[in-house]
$ cat structure.cif   # mmCIF, N, CA and C atoms
data_model
loop_
_atom_site.group_PDB
_atom_site.id
_atom_site.type_symbol
_atom_site.label_atom_id
_atom_site.label_comp_id
_atom_site.auth_asym_id
_atom_site.auth_seq_id
_atom_site.Cartn_x
_atom_site.Cartn_y
_atom_site.Cartn_z
ATOM 1 N N MET A 1 92.619 108.213 335.746
ATOM 2 C CA MET A 1 91.845 107.267 334.965
ATOM 3 C C MET A 1 91.852 105.920 335.686
ATOM 4 N N GLU A 2 90.750 105.253 335.672
ATOM 5 C CA GLU A 2 90.622 103.948 336.323
ATOM 6 C C GLU A 2 91.509 102.913 335.631
ATOM 7 N N GLN A 3 92.080 102.007 336.420
ATOM 8 C CA GLN A 3 92.974 100.988 335.866
ATOM 9 C C GLN A 3 92.293 100.116 334.806
ATOM 10 N N PRO A 4 91.030 99.641 335.015
ATOM 11 C CA PRO A 4 90.405 98.841 333.958
ATOM 12 C C PRO A 4 90.283 99.606 332.641
ATOM 13 N N LYS A 5 90.000 100.911 332.730
ATOM 14 C CA LYS A 5 89.891 101.720 331.514
ATOM 15 C C LYS A 5 91.250 101.838 330.827
ATOM 16 N N VAL A 6 92.292 102.024 331.622
ATOM 17 C CA VAL A 6 93.646 102.103 331.068
ATOM 18 C C VAL A 6 93.993 100.792 330.374
ATOM 19 N N ASN A 7 93.708 99.675 331.031
ATOM 20 C CA ASN A 7 93.982 98.365 330.430
ATOM 21 C C ASN A 7 93.214 98.177 329.132
ATOM 22 N N GLN A 8 91.984 98.633 329.110
ATOM 23 C CA GLN A 8 91.153 98.505 327.913
ATOM 24 C C GLN A 8 91.749 99.322 326.774
ATOM 25 N N LEU A 9 92.228 100.518 327.077
ATOM 26 C CA LEU A 9 92.778 101.389 326.049
ATOM 27 C C LEU A 9 94.177 100.961 325.602
ATOM 28 N N LEU A 10 95.003 100.542 326.554
ATOM 29 C CA LEU A 10 96.397 100.245 326.245
ATOM 30 C C LEU A 10 96.668 98.773 325.978
ATOM 31 N N GLY A 11 95.757 97.912 326.356
ATOM 32 C CA GLY A 11 95.977 96.473 326.196
ATOM 33 C C GLY A 11 96.469 96.052 324.827
ATOM 34 N N PRO A 12 95.758 96.426 323.756
ATOM 35 C CA PRO A 12 96.208 96.024 322.416
ATOM 36 C C PRO A 12 97.573 96.608 322.046
ATOM 37 N N ALA A 13 97.843 97.831 322.450
ATOM 38 C CA ALA A 13 99.137 98.451 322.144
ATOM 39 C C ALA A 13 100.259 97.738 322.886
ATOM 40 N N LEU A 14 100.027 97.441 324.166
ATOM 41 C CA LEU A 14 101.049 96.747 324.944
ATOM 42 C C LEU A 14 101.289 95.340 324.410
ATOM 43 N N LYS A 15 100.241 94.682 323.963
ATOM 44 C CA LYS A 15 100.377 93.349 323.365
ATOM 45 C C LYS A 15 101.247 93.437 322.118
ATOM 46 N N SER A 16 101.040 94.457 321.307
ATOM 47 C CA SER A 16 101.843 94.639 320.093
ATOM 48 C C SER A 16 103.311 94.855 320.437
ATOM 49 N N LEU A 17 103.575 95.684 321.444
ATOM 50 C CA LEU A 17 104.957 95.926 321.858
ATOM 51 C C LEU A 17 105.606 94.649 322.383
ATOM 52 N N TYR A 18 104.848 93.877 323.130
ATOM 53 C CA TYR A 18 105.363 92.613 323.645
ATOM 54 C C TYR A 18 105.701 91.664 322.488
ATOM 55 N N ASP A 19 104.816 91.597 321.495
ATOM 56 C CA ASP A 19 105.055 90.729 320.340
ATOM 57 C C ASP A 19 106.315 91.139 319.584
ATOM 58 N N ILE A 20 106.540 92.452 319.463
ATOM 59 C CA ILE A 20 107.756 92.938 318.810
ATOM 60 C C ILE A 20 108.984 92.519 319.602
ATOM 61 N N GLU A 21 108.914 92.657 320.920
ATOM 62 C CA GLU A 21 110.045 92.270 321.770
ATOM 63 C C GLU A 21 110.355 90.781 321.620
ATOM 64 N N VAL A 22 109.334 89.953 321.598
ATOM 65 C CA VAL A 22 109.538 88.508 321.425
ATOM 66 C C VAL A 22 110.248 88.240 320.098
ATOM 67 N N HIS A 23 109.809 88.907 319.048
ATOM 68 C CA HIS A 23 110.421 88.732 317.724
ATOM 69 C C HIS A 23 111.885 89.184 317.741
ATOM 70 N N LEU A 24 112.154 90.346 318.339
ATOM 71 C CA LEU A 24 113.517 90.864 318.368
ATOM 72 C C LEU A 24 114.457 89.973 319.170
ATOM 73 N N ARG A 25 113.959 89.366 320.229
ATOM 74 C CA ARG A 25 114.808 88.486 321.039
ATOM 75 C C ARG A 25 115.244 87.246 320.253
ATOM 76 N N LYS A 26 114.483 86.898 319.236
ATOM 77 C CA LYS A 26 114.841 85.762 318.390
ATOM 78 C C LYS A 26 115.816 86.158 317.283
ATOM 79 N N SER A 27 116.038 87.457 317.114
ATOM 80 C CA SER A 27 116.913 87.942 316.050
ATOM 81 C C SER A 27 118.380 87.804 316.460
ATOM 82 N N THR A 28 119.253 88.170 315.557
ATOM 83 C CA THR A 28 120.691 88.079 315.834
ATOM 84 C C THR A 28 121.234 89.341 316.501
ATOM 85 N N LEU A 29 120.369 90.330 316.756
ATOM 86 C CA LEU A 29 120.828 91.553 317.419
ATOM 87 C C LEU A 29 121.204 91.262 318.867
ATOM 88 N N GLU A 30 122.327 91.818 319.284
ATOM 89 C CA GLU A 30 122.743 91.654 320.673
ATOM 90 C C GLU A 30 121.810 92.437 321.584
ATOM 91 N N ALA A 31 121.682 91.980 322.818
ATOM 92 C CA ALA A 31 120.776 92.605 323.784
ATOM 93 C C ALA A 31 121.088 94.085 323.977
ATOM 94 N N GLU A 32 122.377 94.429 324.049
ATOM 95 C CA GLU A 32 122.766 95.823 324.249
ATOM 96 C C GLU A 32 122.309 96.699 323.086
ATOM 97 N N LEU A 33 122.446 96.189 321.866
ATOM 98 C CA LEU A 33 122.023 96.946 320.688
ATOM 99 C C LEU A 33 120.505 97.110 320.666
ATOM 100 N N ARG A 34 119.784 96.056 321.034
ATOM 101 C CA ARG A 34 118.315 96.165 321.106
ATOM 102 C C ARG A 34 117.911 97.264 322.076
ATOM 103 N N GLU A 35 118.571 97.333 323.233
ATOM 104 C CA GLU A 35 118.244 98.360 324.226
ATOM 105 C C GLU A 35 118.577 99.754 323.719
ATOM 106 N N LEU A 36 119.697 99.897 323.017
ATOM 107 C CA LEU A 36 120.061 101.193 322.445
ATOM 108 C C LEU A 36 119.046 101.645 321.397
ATOM 109 N N VAL A 37 118.581 100.701 320.586
ATOM 110 C CA VAL A 37 117.563 101.026 319.579
ATOM 111 C C VAL A 37 116.283 101.485 320.261
ATOM 112 N N LYS A 38 115.860 100.771 321.305
ATOM 113 C CA LYS A 38 114.636 101.159 322.022
ATOM 114 C C LYS A 38 114.791 102.524 322.673
ATOM 115 N N LEU A 39 115.979 102.788 323.214
ATOM 116 C CA LEU A 39 116.226 104.094 323.822
ATOM 117 C C LEU A 39 116.153 105.196 322.776
ATOM 118 N N ARG A 40 116.767 104.968 321.627
ATOM 119 C CA ARG A 40 116.751 105.990 320.572
ATOM 120 C C ARG A 40 115.335 106.227 320.060
ATOM 121 N N VAL A 41 114.564 105.190 319.897
ATOM 122 C CA VAL A 41 113.170 105.334 319.466
ATOM 123 C C VAL A 41 112.391 106.145 320.491
ATOM 124 N N SER A 42 112.618 105.888 321.767
ATOM 125 C CA SER A 42 111.912 106.647 322.802
ATOM 126 C C SER A 42 112.327 108.111 322.775
ATOM 127 N N GLN A 43 113.588 108.390 322.448
ATOM 128 C CA GLN A 43 114.038 109.779 322.335
ATOM 129 C C GLN A 43 113.367 110.463 321.148
ATOM 130 N N ILE A 44 113.318 109.771 320.031
ATOM 131 C CA ILE A 44 112.683 110.334 318.829
ATOM 132 C C ILE A 44 111.202 110.591 319.079
ATOM 133 N N ASN A 45 110.539 109.670 319.781
ATOM 134 C CA ASN A 45 109.113 109.814 320.082
ATOM 135 C C ASN A 45 108.857 110.734 321.273
ATOM 136 N N ARG A 46 109.922 111.179 321.910
ATOM 137 C CA ARG A 46 109.847 112.055 323.083
ATOM 138 C C ARG A 46 109.022 111.420 324.203
ATOM 139 N N CYS A 47 109.315 110.161 324.465
ATOM 140 C CA CYS A 47 108.639 109.450 325.546
ATOM 141 C C CYS A 47 109.185 109.957 326.872
ATOM 142 N N ALA A 48 108.386 110.711 327.582
ATOM 143 C CA ALA A 48 108.833 111.313 328.840
ATOM 144 C C ALA A 48 109.212 110.247 329.855
ATOM 145 N N TYR A 49 108.440 109.192 329.945
ATOM 146 C CA TYR A 49 108.718 108.120 330.914
ATOM 147 C C TYR A 49 110.066 107.467 330.611
ATOM 148 N N CYS A 50 110.270 107.083 329.361
ATOM 149 C CA CYS A 50 111.516 106.400 328.987
ATOM 150 C C CYS A 50 112.725 107.301 329.188
ATOM 151 N N ASN A 51 112.605 108.550 328.780
ATOM 152 C CA ASN A 51 113.729 109.462 328.891
ATOM 153 C C ASN A 51 114.035 109.793 330.345
ATOM 154 N N GLN A 52 113.025 109.883 331.190
ATOM 155 C CA GLN A 52 113.250 110.125 332.607
ATOM 156 C C GLN A 52 113.946 108.915 333.228
ATOM 157 N N THR A 53 113.505 107.734 332.878
ATOM 158 C CA THR A 53 114.100 106.509 333.403
ATOM 159 C C THR A 53 115.558 106.411 332.981
ATOM 160 N N ASP A 54 115.851 106.734 331.706
ATOM 161 C CA ASP A 54 117.222 106.698 331.222
ATOM 162 C C ASP A 54 118.083 107.696 331.983
ATOM 163 N N SER A 55 117.545 108.861 332.217
ATOM 164 C CA SER A 55 118.275 109.892 332.945
ATOM 165 C C SER A 55 118.580 109.435 334.368
ATOM 166 N N GLN A 56 117.629 108.790 335.003
ATOM 167 C CA GLN A 56 117.831 108.283 336.357
ATOM 168 C C GLN A 56 118.888 107.179 336.363
ATOM 169 N N MET A 57 118.891 106.327 335.355
ATOM 170 C CA MET A 57 119.871 105.264 335.285
ATOM 171 C C MET A 57 121.270 105.834 335.085
ATOM 172 N N LYS A 58 121.408 106.885 334.291
ATOM 173 C CA LYS A 58 122.709 107.528 334.110
ATOM 174 C C LYS A 58 123.224 108.067 335.431
ATOM 175 N N ASN A 59 122.332 108.654 336.216
ATOM 176 C CA ASN A 59 122.728 109.194 337.510
ATOM 177 C C ASN A 59 123.229 108.084 338.445
ATOM 178 N N LEU A 60 122.653 106.895 338.338
ATOM 179 C CA LEU A 60 123.079 105.780 339.184
ATOM 180 C C LEU A 60 124.490 105.322 338.825
ATOM 181 N N ASN A 61 124.859 105.525 337.567
ATOM 182 C CA ASN A 61 126.162 105.048 337.103
ATOM 183 C C ASN A 61 127.279 106.071 337.319
ATOM 184 N N GLU A 62 126.964 107.238 337.825
ATOM 185 C CA GLU A 62 128.000 108.254 338.036
ATOM 186 C C GLU A 62 128.877 107.858 339.212
ATOM 187 N N PRO A 63 130.179 108.109 339.088
ATOM 188 C CA PRO A 63 131.074 107.791 340.209
ATOM 189 C C PRO A 63 130.711 108.567 341.462
ATOM 190 N N GLY A 64 130.917 107.933 342.588
ATOM 191 C CA GLY A 64 130.650 108.594 343.863
ATOM 192 C C GLY A 64 129.235 108.425 344.373
ATOM 193 N N ASP A 65 128.379 107.766 343.607
ATOM 194 C CA ASP A 65 126.995 107.550 344.051
ATOM 195 C C ASP A 65 126.845 106.184 344.671
#
$ encode --input "structure.cif" --output "structure tokens"
Amino acid sequence: MEQPKVNQLLGPALKSLYDIEVHLRKSTLEAELRELVKLRVSQINRCAYCNQTDSQMKNLNEPGD
């Protein structure tokens, strides 16, 4: 899919996610807890991108790497 078309389709959704992040950063939740919540939401929604990224990050933290 062409990038302008992707931006047209996802622009409003990404703006909404950004607005939520701005609001959450102003809350009393610690950064680590915010990240855990986002990770859990991505697991529940079965976000392949998020779950793959999390899996890759776990591999980076394994001893001996």
$ atom_distance --input "structure.cif" --atom1 "atom C of Arg25 of chain A" --atom2 "atom C of Gly11 of chain A"
21.2 Å
$ atom_distance --input "structure.cif" --atom1 "atom N of Ala13 of chain A" --atom2 "atom N of Glu30 of chain A"
25.4 Å
$ axis_aligned_box --input "structure.cif" --around "segment 7-26 of chain A" --padding-each-side "8 Å" --output "AutoDock Vina command-line options"
--center_x 103.5 --center_y 93.6 --center_z 324.2 --size_x 40.7 --size_y 31.6 --size_z 29.7
$ residues_around --input "structure.cif" --residues "segment 35-41 of chain A" --least-positions-apart "3" --cutoff "12 Å" --atoms "only C-alpha atoms" --output "list in words"
Leu17, Ile20, Glu21, Leu24, Arg25, Leu29, Glu30, Ala31, Glu32, Ile44, Asn45, Arg46, Cys47, Ala48, Tyr49, Cys50, Asn51, Gln52, Thr53, Asp54 and Ser55 of chain A
$ atom_distance --input "structure.cif" --atom1 "atom CA of Leu33 of chain A" --atom2 "atom N of Asp19 of chain A"
18.0 Å
